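Next comes model_23.txt, a file with compact mmCIF, C-alpha atoms.
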```txt
# COMPACT_ATOMS: atom_id res chain seq x y z
CA MET Q 1 -8.19 1.84 10.78
CA ALA Q 2 -6.46 0.57 13.90
CA GLN Q 3 -8.83 -0.44 16.67
CA GLU Q 4 -8.54 2.11 19.47
CA CYS Q 5 -9.53 1.52 23.06
CA VAL Q 6 -9.81 4.56 25.32
CA CYS Q 7 -10.72 2.59 28.40
CA PRO Q 8 -9.63 1.59 31.89
CA ALA Q 9 -7.39 -1.11 30.42
CA ALA Q 10 -4.99 1.54 29.11
CA ALA Q 11 -4.96 3.27 32.51
CA LEU Q 12 -4.14 -0.03 34.22
CA LEU Q 13 -0.98 -0.15 32.12
CA GLY Q 14 -0.11 3.48 32.74
CA GLY Q 15 -1.22 4.75 29.35
CA LYS Q 16 -4.03 6.71 27.71
CA LYS Q 17 -4.92 4.63 24.65
CA ILE Q 18 -4.29 1.19 23.21
CA LEU Q 19 -3.87 0.69 19.46
CA ASP Q 20 -3.94 -2.71 17.80
CA CYS Q 21 -0.97 -2.87 15.41
CA THR Q 22 -1.87 -6.31 14.04
CA GLN Q 23 -3.03 -7.00 10.50
CA LEU Q 24 -6.02 -9.28 9.98
CA ILE Q 25 -5.13 -12.74 8.69
CA ASN Q 26 -7.25 -14.10 5.85
CA VAL Q 27 -6.80 -15.85 2.50
CA SER Q 28 -5.51 -12.66 0.84
CA ALA Q 29 -2.81 -11.99 3.48
CA PHE Q 30 0.79 -11.77 2.26
CA SER Q 31 3.21 -14.62 2.91
CA PHE Q 32 6.65 -15.10 1.36
CA ALA Q 33 6.21 -18.87 1.73
CA GLU Q 34 2.96 -18.96 -0.23
CA ARG Q 35 3.66 -16.23 -2.76
CA PHE Q 36 7.04 -17.53 -3.88
CA GLY Q 37 6.48 -21.26 -3.97
CA PHE Q 38 8.46 -22.25 -0.89
CA LEU Q 39 5.62 -24.53 0.20
CA LYS Q 40 6.31 -26.89 -2.68
CA ALA Q 41 8.97 -28.39 -0.42
CA CYS Q 42 6.43 -29.07 2.35
CA PRO Q 43 5.71 -32.84 2.27
CA PHE Q 44 2.32 -32.65 3.98
CA LYS Q 45 0.95 -29.51 2.27
CA GLN Q 46 1.87 -29.42 -1.41
CA ASN Q 47 -0.87 -26.93 -2.30
CA MET Q 48 -1.20 -24.87 0.87
CA LYS Q 49 -2.57 -21.35 0.47
CA THR Q 50 -1.86 -18.44 2.81
CA ILE Q 51 -4.33 -19.84 5.33
CA GLU Q 52 -6.66 -22.81 5.15
CA GLU Q 53 -9.65 -23.37 7.40
CA CYS Q 54 -11.40 -26.61 8.20
CA VAL Q 55 -14.55 -26.90 10.31
CA VAL Q 56 -13.94 -30.05 12.29
CA LEU Q 57 -17.02 -29.79 14.47
CA ASP Q 58 -20.09 -27.58 14.64
CA GLY Q 59 -22.76 -28.72 17.03
CA ARG Q 60 -24.00 -25.30 18.11
CA LYS Q 61 -27.54 -25.86 16.87
CA GLU Q 62 -27.73 -28.90 19.12
CA GLY Q 63 -26.34 -27.02 22.11
CA GLY Q 64 -22.76 -28.06 21.50
CA CYS Q 65 -19.71 -26.17 20.28
CA GLN Q 66 -17.78 -25.27 17.16
CA LYS Q 67 -14.14 -26.18 16.49
CA LYS Q 68 -11.92 -25.38 13.51
CA ALA Q 69 -8.44 -26.33 12.36
CA TYR Q 70 -6.13 -23.91 10.55
CA ALA Q 71 -3.01 -24.44 8.45
CA MET Q 72 -0.71 -21.60 7.37
CA PRO Q 73 2.96 -20.66 7.00
CA CYS Q 74 4.68 -19.04 9.98
CA ASP Q 75 5.02 -15.61 8.28
CA VAL Q 76 1.39 -14.79 7.50
CA GLY Q 77 0.30 -11.33 8.57
CA THR Q 78 1.94 -9.52 11.48
CA HIS Q 79 4.69 -11.81 12.74
CA ILE Q 80 7.98 -12.01 14.60
CA ASP Q 81 11.39 -13.15 13.32
CA SER Q 82 13.71 -14.82 15.81
CA PRO Q 83 17.49 -15.19 15.35
CA ALA Q 84 16.87 -18.78 14.25
CA HIS Q 85 15.11 -17.43 11.17
CA PHE Q 86 18.55 -16.81 9.61
CA PHE Q 87 21.09 -18.50 11.88
CA GLU Q 88 21.74 -21.95 13.34
CA THR Q 89 24.03 -20.65 16.10
CA ASP Q 90 24.76 -17.37 17.83
CA LYS Q 91 28.18 -15.69 17.97
CA LYS Q 92 29.21 -17.87 20.91
CA GLY Q 93 28.31 -21.08 19.12
CA ALA Q 94 25.15 -21.77 21.10
CA PRO Q 95 21.92 -22.61 19.23
CA ALA Q 96 20.29 -19.45 17.86
CA ARG Q 97 17.23 -18.39 19.81
CA GLN Q 98 13.84 -19.45 18.53
CA VAL Q 99 10.58 -17.57 19.09
CA HIS Q 100 9.69 -19.39 22.30
CA GLU Q 101 13.02 -18.30 23.80
CA ILE Q 102 12.47 -14.56 23.39
CA LEU Q 103 11.82 -13.18 26.87
CA PRO Q 104 8.69 -11.28 27.97
CA GLU Q 105 10.82 -8.32 29.07
CA GLU Q 106 12.04 -8.01 25.48
CA LEU Q 107 8.54 -8.19 24.04
CA ILE Q 108 7.31 -5.26 26.15
CA ALA Q 109 9.50 -2.40 25.01
CA PRO Q 110 9.56 1.39 24.71
CA GLY Q 111 8.83 2.36 21.14
CA ALA Q 112 10.84 4.65 18.89
CA VAL Q 113 8.62 5.27 15.85
CA VAL Q 114 10.45 6.82 12.90
CA ASP Q 115 7.99 8.18 10.32
CA VAL Q 116 9.41 8.35 6.79
CA THR Q 117 6.06 8.22 5.00
CA HIS Q 118 6.79 11.40 3.03
CA LYS Q 119 10.10 9.98 1.78
CA VAL Q 120 8.45 6.71 0.74
CA GLU Q 121 5.89 8.65 -1.28
CA LYS Q 122 8.80 9.84 -3.43
CA ASN Q 123 10.75 6.56 -3.44
CA GLU Q 124 8.93 3.29 -2.80
CA ASP Q 125 12.25 1.48 -2.30
CA TYR Q 126 13.40 3.99 0.33
CA GLU Q 127 15.83 2.73 2.98
CA LEU Q 128 15.91 4.20 6.48
CA SER Q 129 19.43 5.56 7.04
CA LYS Q 130 21.62 6.27 10.03
CA GLN Q 131 21.07 9.96 9.31
CA ASP Q 132 17.30 9.45 9.57
CA LEU Q 133 17.85 8.04 13.05
CA LEU Q 134 20.10 10.94 14.05
CA ASP Q 135 17.51 13.41 12.75
CA PHE Q 136 14.85 11.55 14.75
CA GLU Q 137 16.91 11.82 17.93
CA ALA Q 138 17.54 15.52 17.35
CA LYS Q 139 13.77 16.03 17.31
CA PHE Q 140 12.52 13.54 19.92
CA GLY Q 141 15.51 12.63 22.07
CA GLU Q 142 17.84 9.63 22.16
CA ILE Q 143 16.40 6.21 21.47
CA PRO Q 144 15.91 4.68 24.93
CA LYS Q 145 17.59 1.51 26.14
CA LYS Q 146 15.82 -1.75 25.27
CA ALA Q 147 13.65 0.02 22.69
CA LEU Q 148 11.82 -1.44 19.73
CA VAL Q 149 12.69 0.84 16.80
CA VAL Q 150 9.86 0.93 14.28
CA MET Q 151 9.95 2.31 10.74
CA LYS Q 152 6.59 3.81 9.76
CA THR Q 153 6.29 3.99 5.98
CA GLY Q 154 2.55 4.17 5.23
CA TRP Q 155 2.77 0.83 3.43
CA ASP Q 156 0.14 -0.72 5.71
CA LYS Q 157 -2.61 1.11 3.80
CA ARG Q 158 -1.94 -1.36 0.96
CA TRP Q 159 -2.60 -4.43 3.11
CA SER Q 160 -6.05 -5.25 1.70
CA ASP Q 161 -4.68 -5.24 -1.87
CA LEU Q 162 -2.17 -8.08 -2.13
CA LYS Q 163 -0.70 -7.05 -5.48
CA SER Q 164 -0.20 -3.49 -4.29
CA PHE Q 165 1.29 -4.67 -0.99
CA GLU Q 166 3.95 -6.89 -2.58
CA ASN Q 167 4.36 -4.41 -5.47
CA LYS Q 168 6.11 -6.91 -7.72
CA ARG Q 169 7.44 -5.87 -11.13
CA ASN Q 170 9.52 -8.05 -13.43
CA GLY Q 171 9.97 -10.53 -10.61
CA VAL Q 172 11.27 -7.91 -8.15
CA LEU Q 173 9.44 -6.67 -5.06
CA HIS Q 174 9.36 -2.95 -4.35
CA PHE Q 175 8.78 -1.60 -0.84
CA PRO Q 176 10.82 0.34 1.76
CA GLY Q 177 13.03 -1.03 4.52
CA PHE Q 178 16.00 -0.41 6.84
CA HIS Q 179 19.38 0.41 5.31
CA ILE Q 180 22.30 -1.56 6.75
CA SER Q 181 23.77 1.73 8.08
CA ALA Q 182 20.72 2.18 10.30
CA ALA Q 183 20.78 -1.44 11.49
CA LYS Q 184 24.50 -1.24 12.26
CA PHE Q 185 24.06 2.02 14.18
CA LEU Q 186 21.28 0.53 16.31
CA ILE Q 187 23.35 -2.56 17.12
CA GLU Q 188 26.67 -0.82 17.77
CA GLU Q 189 25.63 2.50 19.26
CA ARG Q 190 22.22 1.92 20.84
CA ASP Q 191 20.85 -0.80 23.12
CA ILE Q 192 17.70 -2.12 21.41
CA VAL Q 193 15.59 -5.28 21.67
CA GLY Q 194 14.65 -5.27 18.00
CA ILE Q 195 13.16 -3.45 15.04
CA GLY Q 196 9.81 -3.43 13.25
CA ILE Q 197 8.13 -2.21 10.07
CA ASP Q 198 4.76 -2.05 8.28
CA THR Q 199 6.05 -3.77 5.11
CA PRO Q 200 6.70 -7.47 4.33
CA SER Q 201 10.39 -7.27 5.27
CA LEU Q 202 12.90 -5.21 7.24
CA ASP Q 203 15.15 -5.20 4.16
CA HIS Q 204 13.68 -3.24 1.27
CA GLY Q 205 11.92 -5.11 -1.51
CA PRO Q 206 14.75 -5.37 -4.09
CA SER Q 207 17.19 -6.90 -1.58
CA THR Q 208 18.49 -10.39 -2.31
CA THR Q 209 21.13 -10.58 0.45
CA PHE Q 210 19.08 -9.30 3.44
CA PRO Q 211 21.87 -7.45 5.27
CA THR Q 212 19.53 -5.89 7.83
CA HIS Q 213 18.08 -9.29 8.78
CA LYS Q 214 21.60 -10.63 9.21
CA MET Q 215 22.76 -7.64 11.28
CA ILE Q 216 19.76 -7.61 13.63
CA LEU Q 217 19.12 -11.34 14.00
CA GLY Q 218 22.84 -12.10 14.01
CA ASN Q 219 23.11 -9.96 17.13
CA ASN Q 220 20.39 -11.88 18.97
CA LYS Q 221 17.59 -9.33 18.47
CA TYR Q 222 14.12 -9.85 17.03
CA GLN Q 223 12.10 -8.28 14.23
CA LEU Q 224 8.42 -7.54 13.59
CA GLU Q 225 7.00 -7.33 10.08
CA ASN Q 226 3.62 -6.38 8.56
CA LEU Q 227 2.73 -4.05 11.42
CA LYS Q 228 -0.31 -1.76 11.26
CA LEU Q 229 1.01 1.69 12.16
CA ALA Q 230 -1.33 4.22 10.54
CA GLU Q 231 -2.47 5.71 13.86
CA VAL Q 232 0.72 5.21 15.84
CA PRO Q 233 2.39 8.62 16.23
CA ALA Q 234 6.03 9.29 15.45
CA GLY Q 235 8.35 9.76 18.41
CA LEU Q 236 8.83 8.16 21.81
CA SER Q 237 5.24 8.27 23.05
CA CYS Q 238 4.33 4.58 23.11
CA VAL Q 239 5.21 1.19 24.50
CA PHE Q 240 4.93 -1.85 22.23
CA ILE Q 241 3.53 -5.08 23.61
CA SER Q 242 4.08 -8.14 21.41
CA SER Q 243 2.58 -11.56 22.02
CA PRO Q 244 3.81 -14.23 19.59
CA LEU Q 245 2.40 -17.73 19.34
CA LEU Q 246 4.57 -19.83 21.63
CA ILE Q 247 5.45 -22.69 19.30
CA GLU Q 248 8.51 -24.70 20.25
CA GLY Q 249 11.20 -24.59 17.59
CA ALA Q 250 9.57 -21.91 15.43
CA PRO Q 251 11.84 -19.40 13.65
CA GLU Q 252 8.84 -17.11 13.02
CA THR Q 253 5.27 -17.03 14.35
CA GLU Q 254 2.18 -14.91 13.96
CA THR Q 255 2.13 -12.18 16.62
CA ARG Q 256 -0.44 -9.85 18.17
CA VAL Q 257 1.12 -6.42 18.69
CA TYR Q 258 -0.28 -3.46 20.64
CA ALA Q 259 0.92 0.11 21.06
CA LEU Q 260 0.19 1.63 24.47
CA LEU Q 261 0.14 5.40 24.05
CA LYS Q 262 1.41 7.35 27.02
```
Conversion result in structure tokens:
Amino acid sequence: MAQECVCPAAALLGGKKILDCTQLINVSAFSFAERFGFLKACPFKQNMKTIEECVVLDGRKEGGCQKKAYAMPCDVGTHIDSPAHFFETDKKGAPARQVHEILPEELIAPGAVVDVTHKVEKNEDYELSKQDLLDFEAKFGEIPKKALVVMKTGWDKRWSDLKSFENKRNGVLHFPGFHISAAKFLIEERDIVGIGIDTPSLDHGPSTTFPTHKMILGNNKYQLENLKLAEVPAGLSCVFISSPLLIEGAPETETRVYALLK
């Protein structure tokens, strides 16, 4: 269950409630890098797991402090993708933006939450279409400028069960994502800052070419994956606040994400 805070903090930000949309990171958290052997190419961590913890100091019994060191891939848990995740340069030939170059005004964005949970229950590889977005706008109003468009699928309820979350059969992952028609519509006909989802990837599980990643990141937007959205309502009733780790040169980093309900 998302942690909910009905407190003065929400009022300070002009809202009623704050929901934490961040998944807990632990040794069972999903990571493409760990689950699919990418870390074998890492010269200093040949056997890295999803997250490793080392107690480097614990002097609390003597009145001192505790310190730990952590090692993990950049895509563990709720995280952000920058354009540099897929591209070396932008369309003008300049270096593609990395996480530390995404601006604060992009990371605080009106939310457009499209709930397709009922469709995913019938098709676990469901792809959000342009028509889904048009149906959403007919019900809630046009997606606002500089919005973060989030696909709510119900997949986050699987988070604590790694095998269920990745849903891998015969070497193929199965989970929902954005269809290229939806991504293209958002880029060409709406003015968004990025997109997000409660699954491991914005492209659905069986994808091997990642067209949605390429459409969104190739147009200098960002993406959020592994969100916790169970209690975030569909519609235009929230503002998303994302706070990624500010690591220079990172294509992806772990990110704390909140939904401020109006």
Closest pair table for range 167-232 of chain Q residues within 6 Å of range 78-101 of chain Q, only C-alpha atoms, as a Markdown table:
```
| residue | atom | partner | partner_atom | distance |
| --- | --- | --- | --- | --- |
| Q:Leu217 | CA | Q:Pro83 | CA | 4.4 |
| Q:Asn220 | CA | Q:Pro83 | CA | 5.7 |
| Q:Tyr222 | CA | Q:Ser82 | CA | 5.1 |
| Q:Gln223 | CA | Q:Asp81 | CA | 5.0 |
| Q:Leu224 | CA | Q:Ile80 | CA | 4.6 |
| Q:Glu225 | CA | Q:Thr78 | CA | 5.7 |
| Q:Asn226 | CA | Q:Thr78 | CA | 4.6 |
| Q:Leu227 | CA | Q:Thr78 | CA | 5.5 |
```
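Interatomic distance, CA of Glu166 in chain Q against CA of Glu127 in chain Q: 16.3 Å.
Among the candidates Q:Cys74, Q:Val55, Q:Ile187, Q:Cys21, the one nearest to Gly218 in chain Q when counting only C-alpha atoms is Q:Ile187.
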CA of Glu252 in chain Q to CA of Lys221 in chain Q, straight-line distance in Å: 12.9 Å
Write out as a compact mmCIF listing (two decimals) with C-alpha atoms, in the frame of the given file each polymer residue whose atoms come within 8 Å of Ile143 in chain Q, counting all atoms listed in the file; drop sequence neighbours fewer than 4 positions from it.
```txt
# COMPACT_ATOMS: atom_id res chain seq x y z
CA ALA Q 112 10.84 4.65 18.89
CA GLU Q 137 16.91 11.82 17.93
CA ALA Q 147 13.65 0.02 22.69
CA ARG Q 190 22.22 1.92 20.84
CA LEU Q 236 8.83 8.16 21.81
```
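Closest approach to Lys262 in chain Q among Q:Ser164, Q:Ser181, Q:Ser237, Q:Thr208: Q:Ser237, based on all atoms listed in the file.
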Contact residues around range 148-162 of chain Q with all atoms listed in the file at 9 Å, ignoring same-chain residues under 6 positions, as JSON, numbers by chain: {"Q": [1, 23, 28, 29, 30, 106, 107, 108, 109, 110, 111, 112, 113, 114, 115, 116, 117, 118, 119, 120, 121, 128, 175, 176, 177, 178, 186, 192, 193, 194, 195, 196, 197, 198, 199, 202, 223, 224, 226, 227, 228, 229, 230, 232, 234, 239, 240]}
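Distance check against Asn219 in chain Q using all atoms listed in the file: of Q:Leu246, Q:Pro104, Q:Leu133, Q:Asp191, the minimum falls on Q:Asp191.
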d(CA of Thr22 in chain Q, CA of Ala259 in chain Q) in Å: 9.9 Å
Exercise: Pro206 in chain Q partners within 6 Å, all atoms listed in the file, chain neighbours under 2 positions left out, as number ranges by chain: Q: 172-174, 204
Would you export the selected residues with C-alpha atoms as a JSON list (two decimals), in the coordinates of the input, please?
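Contents of the output file selection04.json:
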```json
[["chain", "number", "residue", "atom", "x", "y", "z"],
["Q", 172, "VAL", "CA", 11.27, -7.91, -8.15],
["Q", 173, "LEU", "CA", 9.44, -6.67, -5.06],
["Q", 174, "HIS", "CA", 9.36, -2.95, -4.35],
["Q", 204, "HIS", "CA", 13.68, -3.24, 1.27]]
```
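If you measure from each of Q:Thr209, Q:Gly235, Q:Val76, Q:Ala183 to Gly141 in chain Q using all atoms listed in the file, the closest one turns out to be Q:Gly235.
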